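Enquirer: The file below is input-v1.txt, compact mmCIF, C-alpha atoms:
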```
# COMPACT_ATOMS: atom_id res chain seq x y z
CA MET T 26 2.67 -21.35 2.04
CA ARG T 27 5.82 -19.32 2.72
CA ILE T 28 5.80 -16.16 0.65
CA ILE T 29 7.99 -13.06 0.56
CA PHE T 30 6.34 -9.65 0.73
CA ALA T 31 8.56 -6.95 -0.80
CA THR T 32 8.39 -4.53 2.11
CA ALA T 33 10.35 -3.47 5.16
CA ASN T 34 7.25 -1.79 6.62
CA PRO T 35 6.08 -3.73 9.70
CA GLY T 36 2.58 -2.24 9.34
CA LYS T 37 2.24 -3.65 5.83
CA LEU T 38 3.59 -7.05 6.92
CA ARG T 39 1.07 -7.20 9.78
CA GLU T 40 -1.77 -6.11 7.50
CA ALA T 41 -0.88 -8.74 4.87
CA ALA T 42 -0.66 -11.51 7.48
CA GLU T 43 -4.05 -10.52 8.92
CA VAL T 44 -5.74 -10.38 5.52
CA LEU T 45 -4.22 -13.59 4.12
CA GLY T 46 -4.78 -15.46 7.38
CA GLU T 47 -3.76 -18.99 8.30
CA GLY T 48 -1.87 -21.06 5.79
CA TYR T 49 0.51 -18.24 4.84
CA GLU T 50 3.84 -17.38 6.40
CA ILE T 51 4.55 -13.82 5.25
CA ILE T 52 8.26 -12.96 5.44
CA SER T 53 10.17 -9.81 4.60
CA PRO T 54 13.19 -9.67 2.28
CA ALA T 55 15.35 -8.88 5.35
CA THR T 56 14.48 -12.34 6.71
CA LEU T 57 16.48 -13.70 3.76
CA GLY T 58 19.30 -11.18 4.12
CA ILE T 59 18.05 -8.87 1.36
CA THR T 60 18.35 -5.42 2.90
CA GLU T 61 19.10 -3.16 -0.06
CA ASP T 62 16.46 -0.79 -1.41
CA ILE T 63 14.43 -2.52 -4.11
CA PRO T 64 14.24 -0.36 -7.25
CA GLU T 65 11.02 1.53 -8.03
CA THR T 66 11.64 3.37 -11.28
CA GLY T 67 8.36 2.70 -13.09
CA SER T 68 5.91 5.37 -14.16
CA THR T 69 2.82 3.51 -12.89
CA LEU T 70 1.82 1.60 -9.78
CA GLN T 71 1.74 -1.64 -11.77
CA GLU T 72 5.23 -1.10 -13.20
CA ASN T 73 6.68 -0.44 -9.74
CA SER T 74 4.87 -3.40 -8.20
CA LEU T 75 6.08 -5.71 -10.97
CA GLN T 76 9.64 -4.40 -10.73
CA LYS T 77 9.80 -5.11 -6.99
CA ALA T 78 8.29 -8.61 -7.31
CA ARG T 79 10.64 -9.57 -10.18
CA TYR T 80 13.63 -8.26 -8.22
CA LEU T 81 12.86 -10.64 -5.35
CA PHE T 82 11.91 -13.59 -7.53
CA GLU T 83 15.12 -13.32 -9.55
CA ARG T 84 17.22 -13.31 -6.35
CA THR T 85 15.39 -16.04 -4.45
CA GLY T 86 13.26 -18.13 -6.82
CA LEU T 87 10.67 -18.16 -4.04
CA PRO T 88 7.00 -17.18 -4.25
CA CYS T 89 6.72 -13.45 -3.64
CA PHE T 90 4.48 -10.48 -3.97
CA ALA T 91 4.93 -6.74 -3.99
CA ASP T 92 2.60 -3.81 -3.84
CA ASP T 93 2.76 -0.24 -4.92
CA THR T 94 0.27 2.20 -3.53
CA GLY T 95 -0.49 5.77 -4.37
CA LEU T 96 -2.68 8.37 -2.76
CA GLU T 97 -4.51 10.09 -5.63
CA VAL T 98 -5.99 13.49 -4.81
CA ASP T 99 -8.41 14.84 -7.43
CA ALA T 100 -7.62 18.53 -6.82
CA LEU T 101 -3.91 17.79 -7.34
CA GLY T 102 -4.40 15.98 -10.64
CA GLY T 103 -3.87 12.57 -9.04
CA ALA T 104 -0.77 13.58 -7.06
CA PRO T 105 1.08 12.45 -5.07
CA GLY T 106 0.35 9.13 -6.86
CA ILE T 107 3.46 7.00 -7.40
CA TYR T 108 5.47 9.57 -5.44
CA SER T 109 3.35 9.21 -2.27
CA ALA T 110 6.10 7.75 -0.07
CA ARG T 111 8.58 10.48 -1.00
CA TYR T 112 6.19 13.37 -1.59
CA ALA T 113 8.01 15.81 0.70
CA GLY T 114 11.53 14.61 -0.15
CA PRO T 115 13.76 11.59 -0.69
CA GLU T 116 13.18 10.11 2.78
CA HIS T 117 10.08 8.13 3.76
CA ASP T 118 8.78 10.79 6.19
CA SER T 119 5.05 10.33 6.73
CA ASN T 120 4.62 13.47 8.81
CA ALA T 121 6.41 15.65 6.26
CA ASN T 122 4.35 14.08 3.47
CA MET T 123 1.07 14.76 5.30
CA ASP T 124 2.13 18.31 6.19
CA LYS T 125 2.95 19.07 2.55
CA LEU T 126 -0.36 17.61 1.39
CA LEU T 127 -2.41 19.55 3.96
CA THR T 128 -0.60 22.77 3.05
CA GLU T 129 -1.37 22.27 -0.65
CA LEU T 130 -5.06 21.73 0.10
CA ILE T 131 -5.57 24.62 2.58
CA ARG T 132 -7.99 26.64 0.41
CA ILE T 133 -9.30 23.81 -1.74
CA GLU T 134 -12.87 22.61 -1.21
CA ASN T 135 -12.73 19.45 -3.34
CA ARG T 136 -10.72 17.09 -1.16
CA ASP T 137 -11.85 13.87 -2.86
CA ALA T 138 -9.12 11.26 -2.95
CA ARG T 139 -8.46 7.57 -3.10
CA PHE T 140 -5.82 5.08 -2.16
CA HIS T 141 -4.99 2.82 -5.11
CA THR T 142 -2.92 -0.36 -4.74
CA VAL T 143 -1.57 -2.81 -7.30
CA VAL T 144 -0.22 -6.12 -5.99
CA THR T 145 1.97 -8.32 -8.19
CA LEU T 146 2.24 -12.00 -7.29
CA ILE T 147 4.91 -14.29 -8.75
CA LEU T 148 4.86 -18.01 -8.00
CA ALA T 149 7.17 -20.84 -9.10
CA ASP T 150 6.10 -20.51 -12.76
CA GLY T 151 7.57 -16.99 -12.86
CA GLN T 152 4.40 -15.46 -14.32
CA PRO T 153 3.23 -12.17 -12.81
CA ARG T 154 -0.39 -11.85 -11.73
CA PHE T 155 -1.90 -8.49 -10.82
CA PHE T 156 -4.55 -7.59 -8.25
CA GLU T 157 -5.93 -4.10 -7.58
CA GLY T 158 -7.71 -2.43 -4.73
CA VAL T 159 -9.14 1.07 -4.28
CA CYS T 160 -10.41 2.88 -1.19
CA GLU T 161 -12.41 6.03 -1.94
CA GLY T 162 -12.54 8.93 0.46
CA ALA T 163 -11.31 12.48 1.08
CA ILE T 164 -8.47 14.33 2.74
CA ALA T 165 -9.22 15.57 6.26
CA PRO T 166 -8.47 19.19 7.21
CA ARG T 167 -5.99 18.01 9.86
CA LYS T 168 -4.34 14.84 11.18
CA ALA T 169 -6.40 12.69 13.53
CA GLY T 170 -5.85 9.32 15.18
CA CYS T 171 -2.81 7.32 16.17
CA GLY T 172 -3.33 4.02 14.34
CA GLY T 173 -2.26 2.91 10.90
CA PHE T 174 0.69 4.33 9.01
CA GLY T 175 1.53 6.58 6.09
CA TYR T 176 -1.30 8.97 5.18
CA ASP T 177 -3.88 7.19 7.37
CA PRO T 178 -4.22 10.14 9.84
CA VAL T 179 -5.42 12.45 7.02
CA PHE T 180 -7.54 10.04 4.96
CA LEU T 181 -11.29 9.92 5.59
CA PRO T 182 -12.61 6.71 3.98
CA ASP T 183 -16.16 6.89 2.60
CA ALA T 184 -16.94 3.71 4.56
CA TYR T 185 -16.37 5.43 7.94
CA PRO T 186 -17.71 9.00 7.71
CA GLY T 187 -15.98 11.45 10.03
CA ARG T 188 -13.13 9.09 10.97
CA THR T 189 -9.67 8.81 9.46
CA LEU T 190 -8.07 5.43 8.76
CA ALA T 191 -5.89 6.15 11.82
CA GLU T 192 -9.04 6.32 13.99
CA VAL T 193 -10.52 2.95 13.03
CA SER T 194 -9.49 -0.49 14.27
CA GLU T 195 -7.11 -2.68 12.25
CA GLU T 196 -10.06 -4.98 11.49
CA GLU T 197 -12.20 -2.07 10.23
CA LYS T 198 -9.32 -0.73 8.14
CA ASN T 199 -8.53 -4.11 6.58
CA ALA T 200 -12.20 -4.53 5.62
CA VAL T 201 -12.18 -1.44 3.39
CA SER T 202 -8.54 -0.63 2.64
CA HIS T 203 -7.07 -0.56 -0.82
CA ARG T 204 -4.31 -3.00 0.13
CA GLY T 205 -6.76 -5.23 1.97
CA ARG T 206 -8.96 -5.45 -1.12
CA ALA T 207 -6.02 -6.24 -3.40
CA LEU T 208 -4.68 -8.84 -0.95
CA ARG T 209 -8.12 -10.47 -0.58
CA ALA T 210 -8.36 -10.71 -4.37
CA MET T 211 -4.91 -12.34 -4.39
CA ALA T 212 -5.89 -14.73 -1.57
CA ASP T 213 -9.09 -15.71 -3.43
CA TRP T 214 -7.06 -16.39 -6.57
CA LEU T 215 -4.52 -18.46 -4.60
CA LYS T 216 -7.33 -20.64 -3.18
CA SER T 217 -8.36 -21.63 -6.68
CA TYR T 218 -4.79 -21.93 -8.03
```
Just give me the structure of the file as C-alpha cells.
Expert:
Amino acid sequence: MRIIFATANPGKLREAAEVLGEGYEIISPATLGITEDIPETGSTLQENSLQKARYLFERTGLPCFADDTGLEVDALGGAPGIYSARYAGPEHDSNANMDKLLTELIRIENRDARFHTVVTLILADGQPRFFEGVCEGAIAPRKAGCGGFGYDPVFLPDAYPGRTLAEVSEEEKNAVSHRGRALRAMADWLKSY
C-alpha cells in the first residue's frame, strides 16, 4: 500500500517504514510536490494530527497519515506539549529546544516526563481514525547519545534505565517509542481493515 506520511523529517519516515514493514511504501508530501508547511493550529495533539492528515487528503485523495507528538514534562505542567518542536522559538531547532528544557529543569527534582503521539489515518473513505502511543520516562540532566532526533538525547525511557533514546538502537527505540506504539496500533488496524 502506498501511503503519504505528513512529515519532512527523514528520521520519522525511516521510523514509520521500519515499524510498518513490508507491504507499505511510505512517501513524504515532497514526493508529490507538496513542499509548503502544513498548518498546525490546533490546541491538542489530536487536532493537529487531524488537521495535517486532512490537508494532505484534500489535496491528493490518497491514503495518508499524520502524527503530532508532544513531550509532556510533569514539573512544567505538561509543557512543552504541542509546542515541543518550536519550544525555543519559531524554528525547528532541536538543540535550542533541549537547552531551554534543561535550563528550566536545573533545580527541579521531579523530572518525570512522557512522549505522547496521536496518529490520524485517512483512507479512501475519508474517515479519520486515531491511534495513540505513550512512552514514559524522565528528562536526563544533560544530553547523551548521537542517535535518534528531537529530544531523544535528553529523554530517559523507563524501558532502558540509564540510557537516553539517543543511546539505544533504532530497533530498541521502535519497540518502546510513542510513535512506534501508535504506528503499530495503526498497522494492526490496517491488517484487519
Enquirer: Give me the residues within 12 Å of Tyr185 (chain T) as a list of chain:residue names, counting all atoms listed in the file and dropping any in the same chain fewer than 6 places off.
Expert: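 Near Tyr185 (chain T), the qualifying residues are T:Cys160, T:Glu161, T:Gly162, T:Ala163, T:Ala191, T:Glu192, T:Val193, T:Ser194, T:Glu197, T:Lys198, T:Ala200, T:Val201, T:Ser202.
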Enquirer: Identify which of the residues T:Ser119, T:Ala78, T:Met26, T:Ile63 lies closest to Gly46 (chain T), counting all atoms listed in the file when measuring atom-to-atom distances.
Expert: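 Checking each of T:Ser119, T:Ala78, T:Met26, T:Ile63 against Gly46 (chain T), counting all atoms listed in the file, the winner is T:Met26.
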Enquirer: Can you pull out every residue within 9 Å of Tyr108 (chain T), counting only C-alpha atoms, but drop anything in the same chain fewer than 4 positions away, and send it as a list in words?
Expert: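 In the requested format, the answer is Gly95, Leu96, Ala104 and Tyr112 of chain T.
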Enquirer: Hey, what's within 12 Å of Asp150 (chain T) if we count only C-alpha atoms and toss same-chain stuff fewer than 3 positions away? As a VMD selection string, please?
Expert: chain T and resid 82 to 83 86 to 89 146 to 147 153 to 154 218
Enquirer: May I ask for the distance between CA of Asp213 (chain T) and CA of Glu72 (chain T), given in Å to one decimal place?
Expert: 22.7 Å
Enquirer: Considering only C-alpha atoms, can you say which of T:Arg27, T:Arg136, T:Arg206, T:Lys216 comes closest to Val179 (chain T)?
Expert: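 Residue with the minimum atom-to-atom distance to Val179 (chain T): T:Arg136.
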Enquirer: Counting all atoms listed in the file, which residues have an atom no more than 8 Å from (-12.9, -3.3, -6.1) in the file's coordinates? Please list them as a list in words.
Expert: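 Collected hits near the coordinates: Glu157, Gly158, Val159, Arg206 and Ala207 of chain T.
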Enquirer: Taking into account only C-alpha atoms, which residue in the set T:Leu126, T:Leu70, T:Ala138, T:Val143 is nearest to Met211 (chain T)?
Expert: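 Nearest to Met211 (chain T): T:Val143.
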Enquirer: Kindly extract all protein, DNA and RNA residues lying within 12 Å of the coordinates (12.6, -0.9, -5.5) given in the file, considering all atoms listed in the file, and supply them as a PyMOL selection string.
Expert: chain T and resi 31-33+54+59-67+70+72-81+91-93
Enquirer: At what distance in Å, to one decimal, does CA of Phe90 (chain T) lie from CA of Thr145 (chain T)?
Expert: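 Separation of CA of Thr145 (chain T) and CA of Phe90 (chain T): 5.4 Å.
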Enquirer: Mind completing region 39-71 of chain T with N, CA and C atoms? Output as an mmCIF file, keeping the file's coordinate frame, please?
Expert:
```cif
data_model
loop_
_atom_site.group_PDB
_atom_site.id
_atom_site.type_symbol
_atom_site.label_atom_id
_atom_site.label_comp_id
_atom_site.auth_asym_id
_atom_site.auth_seq_id
_atom_site.Cartn_x
_atom_site.Cartn_y
_atom_site.Cartn_z
ATOM 1 N N ARG T 39 2.149 -6.816 8.863
ATOM 2 C CA ARG T 39 1.070 -7.200 9.780
ATOM 3 C C ARG T 39 -0.265 -7.228 9.039
ATOM 4 N N GLU T 40 -0.513 -6.191 8.245
ATOM 5 C CA GLU T 40 -1.770 -6.110 7.500
ATOM 6 C C GLU T 40 -1.908 -7.300 6.543
ATOM 7 N N ALA T 41 -0.832 -7.629 5.819
ATOM 8 C CA ALA T 41 -0.880 -8.740 4.870
ATOM 9 C C ALA T 41 -1.130 -10.064 5.593
ATOM 10 N N ALA T 42 -0.463 -10.268 6.724
ATOM 11 C CA ALA T 42 -0.660 -11.510 7.480
ATOM 12 C C ALA T 42 -2.095 -11.624 7.978
ATOM 13 N N GLU T 43 -2.674 -10.503 8.435
ATOM 14 C CA GLU T 43 -4.050 -10.520 8.920
ATOM 15 C C GLU T 43 -5.039 -10.793 7.795
ATOM 16 N N VAL T 44 -4.810 -10.192 6.636
ATOM 17 C CA VAL T 44 -5.740 -10.380 5.520
ATOM 18 C C VAL T 44 -5.622 -11.777 4.922
ATOM 19 N N LEU T 45 -4.395 -12.271 4.732
ATOM 20 C CA LEU T 45 -4.220 -13.590 4.120
ATOM 21 C C LEU T 45 -4.583 -14.717 5.088
ATOM 22 N N GLY T 46 -4.356 -14.499 6.376
ATOM 23 C CA GLY T 46 -4.780 -15.460 7.380
ATOM 24 C C GLY T 46 -3.913 -16.704 7.460
ATOM 25 N N GLU T 47 -4.484 -17.733 8.087
ATOM 26 C CA GLU T 47 -3.760 -18.990 8.300
ATOM 27 C C GLU T 47 -3.403 -19.629 6.964
ATOM 28 N N GLY T 48 -2.317 -20.374 6.999
ATOM 29 C CA GLY T 48 -1.870 -21.060 5.790
ATOM 30 C C GLY T 48 -0.806 -20.285 5.035
ATOM 31 N N TYR T 49 -0.519 -19.060 5.485
ATOM 32 C CA TYR T 49 0.510 -18.240 4.840
ATOM 33 C C TYR T 49 1.509 -17.764 5.876
ATOM 34 N N GLU T 50 2.769 -17.960 5.589
ATOM 35 C CA GLU T 50 3.840 -17.380 6.400
ATOM 36 C C GLU T 50 4.422 -16.238 5.583
ATOM 37 N N ILE T 51 4.105 -15.011 5.975
ATOM 38 C CA ILE T 51 4.550 -13.820 5.250
ATOM 39 C C ILE T 51 5.905 -13.409 5.827
ATOM 40 N N ILE T 52 6.929 -13.374 4.970
ATOM 41 C CA ILE T 52 8.260 -12.960 5.440
ATOM 42 C C ILE T 52 8.722 -11.744 4.646
ATOM 43 N N SER T 53 9.611 -10.990 5.261
ATOM 44 C CA SER T 53 10.170 -9.810 4.600
ATOM 45 C C SER T 53 11.461 -10.199 3.885
ATOM 46 N N PRO T 54 11.900 -9.399 2.933
ATOM 47 C CA PRO T 54 13.190 -9.670 2.280
ATOM 48 C C PRO T 54 14.344 -9.729 3.292
ATOM 49 N N ALA T 55 14.271 -8.898 4.343
ATOM 50 C CA ALA T 55 15.350 -8.880 5.350
ATOM 51 C C ALA T 55 15.512 -10.236 6.018
ATOM 52 N N THR T 56 14.420 -10.996 6.129
ATOM 53 C CA THR T 56 14.480 -12.340 6.710
ATOM 54 C C THR T 56 15.457 -13.211 5.927
ATOM 55 N N LEU T 57 15.590 -12.932 4.631
ATOM 56 C CA LEU T 57 16.480 -13.700 3.760
ATOM 57 C C LEU T 57 17.807 -12.984 3.513
ATOM 58 N N GLY T 58 18.047 -11.912 4.269
ATOM 59 C CA GLY T 58 19.300 -11.180 4.120
ATOM 60 C C GLY T 58 19.307 -10.154 3.000
ATOM 61 N N ILE T 59 18.144 -9.880 2.424
ATOM 62 C CA ILE T 59 18.050 -8.870 1.360
ATOM 63 C C ILE T 59 17.637 -7.561 2.023
ATOM 64 N N THR T 60 18.606 -6.662 2.164
ATOM 65 C CA THR T 60 18.350 -5.420 2.900
ATOM 66 C C THR T 60 18.499 -4.172 2.041
ATOM 67 N N GLU T 61 18.950 -4.339 0.793
ATOM 68 C CA GLU T 61 19.100 -3.160 -0.060
ATOM 69 C C GLU T 61 17.733 -2.640 -0.496
ATOM 70 N N ASP T 62 17.690 -1.365 -0.887
ATOM 71 C CA ASP T 62 16.460 -0.790 -1.410
ATOM 72 C C ASP T 62 16.119 -1.474 -2.732
ATOM 73 N N ILE T 63 14.879 -1.890 -2.867
ATOM 74 C CA ILE T 63 14.430 -2.520 -4.110
ATOM 75 C C ILE T 63 14.027 -1.406 -5.062
ATOM 76 N N PRO T 64 14.517 -1.448 -6.305
ATOM 77 C CA PRO T 64 14.240 -0.360 -7.250
ATOM 78 C C PRO T 64 12.749 -0.156 -7.500
ATOM 79 N N GLU T 65 12.379 1.115 -7.658
ATOM 80 C CA GLU T 65 11.020 1.530 -8.030
ATOM 81 C C GLU T 65 11.177 2.660 -9.026
ATOM 82 N N THR T 66 11.393 2.326 -10.274
ATOM 83 C CA THR T 66 11.640 3.370 -11.280
ATOM 84 C C THR T 66 10.555 3.412 -12.346
ATOM 85 N N GLY T 67 9.450 2.709 -12.119
ATOM 86 C CA GLY T 67 8.360 2.700 -13.090
ATOM 87 C C GLY T 67 7.581 4.011 -13.064
ATOM 88 N N SER T 68 6.736 4.156 -14.071
ATOM 89 C CA SER T 68 5.910 5.370 -14.160
ATOM 90 C C SER T 68 4.458 5.108 -13.767
ATOM 91 N N THR T 69 4.160 3.860 -13.362
ATOM 92 C CA THR T 69 2.820 3.510 -12.890
ATOM 93 C C THR T 69 2.933 2.622 -11.663
ATOM 94 N N LEU T 70 1.846 2.495 -10.928
ATOM 95 C CA LEU T 70 1.820 1.600 -9.780
ATOM 96 C C LEU T 70 2.112 0.166 -10.206
ATOM 97 N N GLN T 71 1.530 -0.269 -11.317
ATOM 98 C CA GLN T 71 1.740 -1.640 -11.770
ATOM 99 C C GLN T 71 3.195 -1.881 -12.151
#
```
